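Chemist: For reference, the structure I am asking about is given below.
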Amino acid sequence: MGISGKLKAATVIGAVLMSLASSAAFAEDAAKPAQGGTLIYLEQQPHTNLYPPAGGFYPNGGVLNQITDKLTFQNPKTLEIEPWIAESWTVNDNATEYTFKLRKGVTFSDGSPLDANAVAKNFDTFGLGNKELKQPVSEVINNYDRSEVIDPLTVKFYFKKPSPGFLQGTSVIGSGLVSLATLALPFEQLGDATKIVGSGPFVVESETLGKELSLKVREDYVWGPAKIEHQGRAYLDGIKYVITGEDSVRIGALLSGQADFIRQVQAYDEAQVEGQGYKIYAAPTRGVNNSVVFRPDNPLVADVRVRQALLHGTNAQEIISTLFSANYPQAKSIVASTAQGYVDLSSKLTFDPAKAAKLLDEAGWAPGANGVREKDGLPLVLTAYESPPQPQNKATLQLVSQQWAKLGVTLNVLAGDAGSRTVDDLDPAKTPVSPAMVGRADPDVIKSQYYPKNRDVLRQKGGPSDKVKSFVDDKLNGLLEALSSEPNREKRLQIAGEVQSYVLDQAYAIPIFEEPQAYAGAPYLQGVEFEAVGRPRFYSTWLAEH
């Protein structure tokens, strides 16, 4: 029976037998890493594009993390930046010049050297983009000017203004190093994993686009992060990704022994998984919280009082207790409590329906005959598209819709796979409300989310419609620019706090919960690790006998 047939045959009954049979052997072998075997990894969605700066999409990052290395390694426990491909580095006082000394003997899987020239070409591409090849600028690199190859193992980077987040930016998924041959390909070809040549512990063996991806170990790999315990080749012989969209099929396959590791475990499945001796991994993303954001270009939400009303009319605690688990802490700011620069602003996030109703009254939205508030003959009817990558996002938005309905506000929730979604979501006239989140363990993550030249979740760029009044918040943008350009750490964190307060005072966003990435693994699966924002690293992973 093929893997797809086995997945369909997965049952909970088989899980009990598998769990009991494997527990004794697992206990004996868990302490000593074993080499060999192929990890079967069930992913909810297929990867899209593997140009490294596109690695923020979790299916992309889950692949890139295995086949690329980074200049530096961010310790997921301490968040300190440690050596990896770079042995050492120096930064000038105002964070406009960074110099890296590289390890000797590192090569890409095609045999080409990972030297100063290759590193320079990678960051010139990530920092400046390549219009001819349609390769976009990385959202984690700010104020980039140029690179300079000092010698074969020394590279220097120059910035137009201070760029204090750059060092951490060299450690993230979006800065995975790829060969010159890969960088020479146009963006549209980089969705084919077989074209991505990295220096990581695994290499792409084969791919059936949208269905399966097979990686094999790189036998000569000897340049893992310098301070981690495991060195040398990866323990696993390979990794097979199988795209399995249905939650129940992924859970059933795991519990029946047909899969070893799965991503996107819904909160309501956690008890079933843990009850049978399997492990839930809820890796924190340490960035901007799972939120509802507004597009103030739309006249329905242009008035800050309307946005504030909807903020105070949203009961985040009810959403979490109804749909989620303890792995999803209630948001106390727009960024997670584990994020750098976090400030507890829960006093600005109170659930207060009376205050919400009063704000809507003051803004001129009066209850209509059918219960929906109206102003100048226009009903207060809003639209949002669900975001499939975010956990239970459809149910979350539907519960928000129920809460807002009590205020006389309608929120229509549309399917996230609708053909018009991408275009409509860019247009504030059509989509005044949207779910949003982004993970990164550096304060620059806030700029990534809100800045017009990055993700621009508020749609300051406006949309294709002429029905909306142009919206630009110069104060917010100035704060974001200062955040990404302040070399003094204490001042930078202070600015991060100011941005958080300002976004909530303007009610641009309603943060709901701190989003983890939820995975589940078999009891015989050992050594699973995650980088600082929740993507798995299988370099030190092994399969105990079972």
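Each chain in the structure tokens gets a letter, A, B and so on, in the order shown; residues start at 1 in every chain, and ligands are counted from 1 in the order they appear.
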If we count only C-alpha atoms and set the cut-off at 7 Å, which residues sit around A:Pro52, ignoring sequence neighbours fewer than 5 positions away in its own chain? Please answer as a ChimeraX atom specification.
Modeler: /A:173-176
Chemist: How would the residues just chosen look if you wrote them out with N, CA and C atoms as a short mmCIF file (atom, residue, chain, number, x, y, z; two decimals), in the first residue's frame?
Modeler:
```cif
data_model
loop_
_atom_site.label_atom_id
_atom_site.label_comp_id
_atom_site.auth_asym_id
_atom_site.auth_seq_id
_atom_site.Cartn_x
_atom_site.Cartn_y
_atom_site.Cartn_z
N ILE A 173 15.16 32.15 9.02
CA ILE A 173 14.83 31.36 7.84
C ILE A 173 15.03 32.16 6.56
N GLY A 174 14.62 33.42 6.58
CA GLY A 174 14.68 34.25 5.39
C GLY A 174 16.08 34.60 4.94
N SER A 175 17.09 34.20 5.72
CA SER A 175 18.48 34.45 5.36
C SER A 175 19.24 33.15 5.12
N GLY A 176 18.52 32.08 4.80
CA GLY A 176 19.17 30.83 4.43
C GLY A 176 20.06 31.05 3.21
#
```
Chemist: Env of stretch 32-36 of chain A: 9 Å cut, atoms = only C-alpha atoms, seq-sep filter 2 positions within chain, self excluded. Answer as number ranges by chain.
Modeler: A: 28-30, 38, 234-238, 526-527, 540-545
Chemist: Could you list, as a PyMOL selection string, every residue within 7 Å of stretch 482-493 of chain A, counting only C-alpha atoms and ignoring same-chain residues fewer than 2 positions away?
Modeler: chain A and resi 94-95+142+161-165+341+444+478-480+495-497
Chemist: Limited to N, CA and C atoms, could you put the picked residues into a file as a PDB file, in the first residue's frame?
Modeler:
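result-v2.pdb, freshly written:
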```
ATOM      1  N   ASN A  94      27.695  52.377  15.525  1.00  0.00           N
ATOM      2  CA  ASN A  94      26.353  52.806  15.140  1.00  0.00           C
ATOM      3  C   ASN A  94      25.649  51.809  14.228  1.00  0.00           C
ATOM      4  N   ALA A  95      26.140  50.566  14.202  1.00  0.00           N
ATOM      5  CA  ALA A  95      25.483  49.461  13.486  1.00  0.00           C
ATOM      6  C   ALA A  95      25.266  49.750  12.003  1.00  0.00           C
ATOM      7  N   ASN A 142      17.072  45.912   6.814  1.00  0.00           N
ATOM      8  CA  ASN A 142      16.723  47.329   6.688  1.00  0.00           C
ATOM      9  C   ASN A 142      17.956  48.166   6.370  1.00  0.00           C
ATOM     10  N   LYS A 161      21.861  53.608   6.887  1.00  0.00           N
ATOM     11  CA  LYS A 161      21.538  54.107   8.223  1.00  0.00           C
ATOM     12  C   LYS A 161      21.768  52.950   9.183  1.00  0.00           C
ATOM     13  N   PRO A 162      21.806  53.212  10.497  1.00  0.00           N
ATOM     14  CA  PRO A 162      21.963  52.105  11.443  1.00  0.00           C
ATOM     15  C   PRO A 162      20.948  50.989  11.181  1.00  0.00           C
ATOM     16  N   SER A 163      21.418  49.769  11.300  1.00  0.00           N
ATOM     17  CA  SER A 163      20.561  48.591  11.080  1.00  0.00           C
ATOM     18  C   SER A 163      20.795  47.597  12.218  1.00  0.00           C
ATOM     19  N   PRO A 164      20.289  47.927  13.415  1.00  0.00           N
ATOM     20  CA  PRO A 164      20.597  47.115  14.603  1.00  0.00           C
ATOM     21  C   PRO A 164      20.019  45.709  14.562  1.00  0.00           C
ATOM     22  N   GLY A 165      19.028  45.471  13.716  1.00  0.00           N
ATOM     23  CA  GLY A 165      18.433  44.136  13.641  1.00  0.00           C
ATOM     24  C   GLY A 165      19.130  43.209  12.672  1.00  0.00           C
ATOM     25  N   GLY A 341      11.215  43.460  23.691  1.00  0.00           N
ATOM     26  CA  GLY A 341      10.566  44.767  23.710  1.00  0.00           C
ATOM     27  C   GLY A 341       9.112  44.739  24.134  1.00  0.00           C
ATOM     28  N   ASP A 444      12.366  44.258  15.203  1.00  0.00           N
ATOM     29  CA  ASP A 444      12.066  44.642  13.817  1.00  0.00           C
ATOM     30  C   ASP A 444      10.825  43.943  13.274  1.00  0.00           C
ATOM     31  N   GLY A 478       7.080  56.818  11.137  1.00  0.00           N
ATOM     32  CA  GLY A 478       8.283  57.387  11.730  1.00  0.00           C
ATOM     33  C   GLY A 478       8.788  56.554  12.903  1.00  0.00           C
ATOM     34  N   LEU A 479       7.862  56.080  13.724  1.00  0.00           N
ATOM     35  CA  LEU A 479       8.246  55.211  14.841  1.00  0.00           C
ATOM     36  C   LEU A 479       8.857  53.905  14.338  1.00  0.00           C
ATOM     37  N   LEU A 480       8.286  53.348  13.291  1.00  0.00           N
ATOM     38  CA  LEU A 480       8.794  52.088  12.743  1.00  0.00           C
ATOM     39  C   LEU A 480      10.184  52.275  12.139  1.00  0.00           C
ATOM     40  N   ILE A 495      11.358  52.412  22.025  1.00  0.00           N
ATOM     41  CA  ILE A 495      10.567  52.720  20.830  1.00  0.00           C
ATOM     42  C   ILE A 495       9.598  51.582  20.531  1.00  0.00           C
ATOM     43  N   ALA A 496      10.041  50.343  20.726  1.00  0.00           N
ATOM     44  CA  ALA A 496       9.151  49.194  20.513  1.00  0.00           C
ATOM     45  C   ALA A 496       7.918  49.308  21.397  1.00  0.00           C
ATOM     46  N   GLY A 497       8.115  49.754  22.653  1.00  0.00           N
ATOM     47  CA  GLY A 497       6.984  49.945  23.550  1.00  0.00           C
ATOM     48  C   GLY A 497       6.065  51.066  23.083  1.00  0.00           C
TER      49      GLY A 497
END
```
Chemist: In terms of the shortest atom-to-atom distance over only C-alpha atoms, which of A:Leu102, A:Leu185, A:Ala226, A:Val423 is closest to A:Glu132?
Modeler: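 Smallest distance to A:Glu132 is found for A:Leu185.
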Chemist: So, counting only C-alpha atoms, which residue among A:Phe513, A:Phe471, A:Tyr451, A:Tyr539 is closest to A:Pro284?
Modeler: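 Ranked by minimum distance to A:Pro284, first place goes to A:Phe513.
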Chemist: Name all residues at most 12 Å from A:Tyr342 (count only C-alpha atoms; drop same-chain ones fewer than 4 positions away) and give them as number ranges by chain.
Modeler: A: 286-289, 331-338, 346, 441-443, 445-446, 492-501
Chemist: Write out as a PyMOL selection string each polymer residue whose atoms come within 6 Å of stretch 211-213 of chain A, counting only C-alpha atoms; drop sequence neighbours fewer than 6 positions from it.
Modeler: chain A and resi 240-243
Chemist: I need the residue nearest A:Pro225 from this list: A:Ser420, A:Ser171, A:Gln392, A:Gln135. Use only C-alpha atoms for the distance.
Modeler: A:Ser171
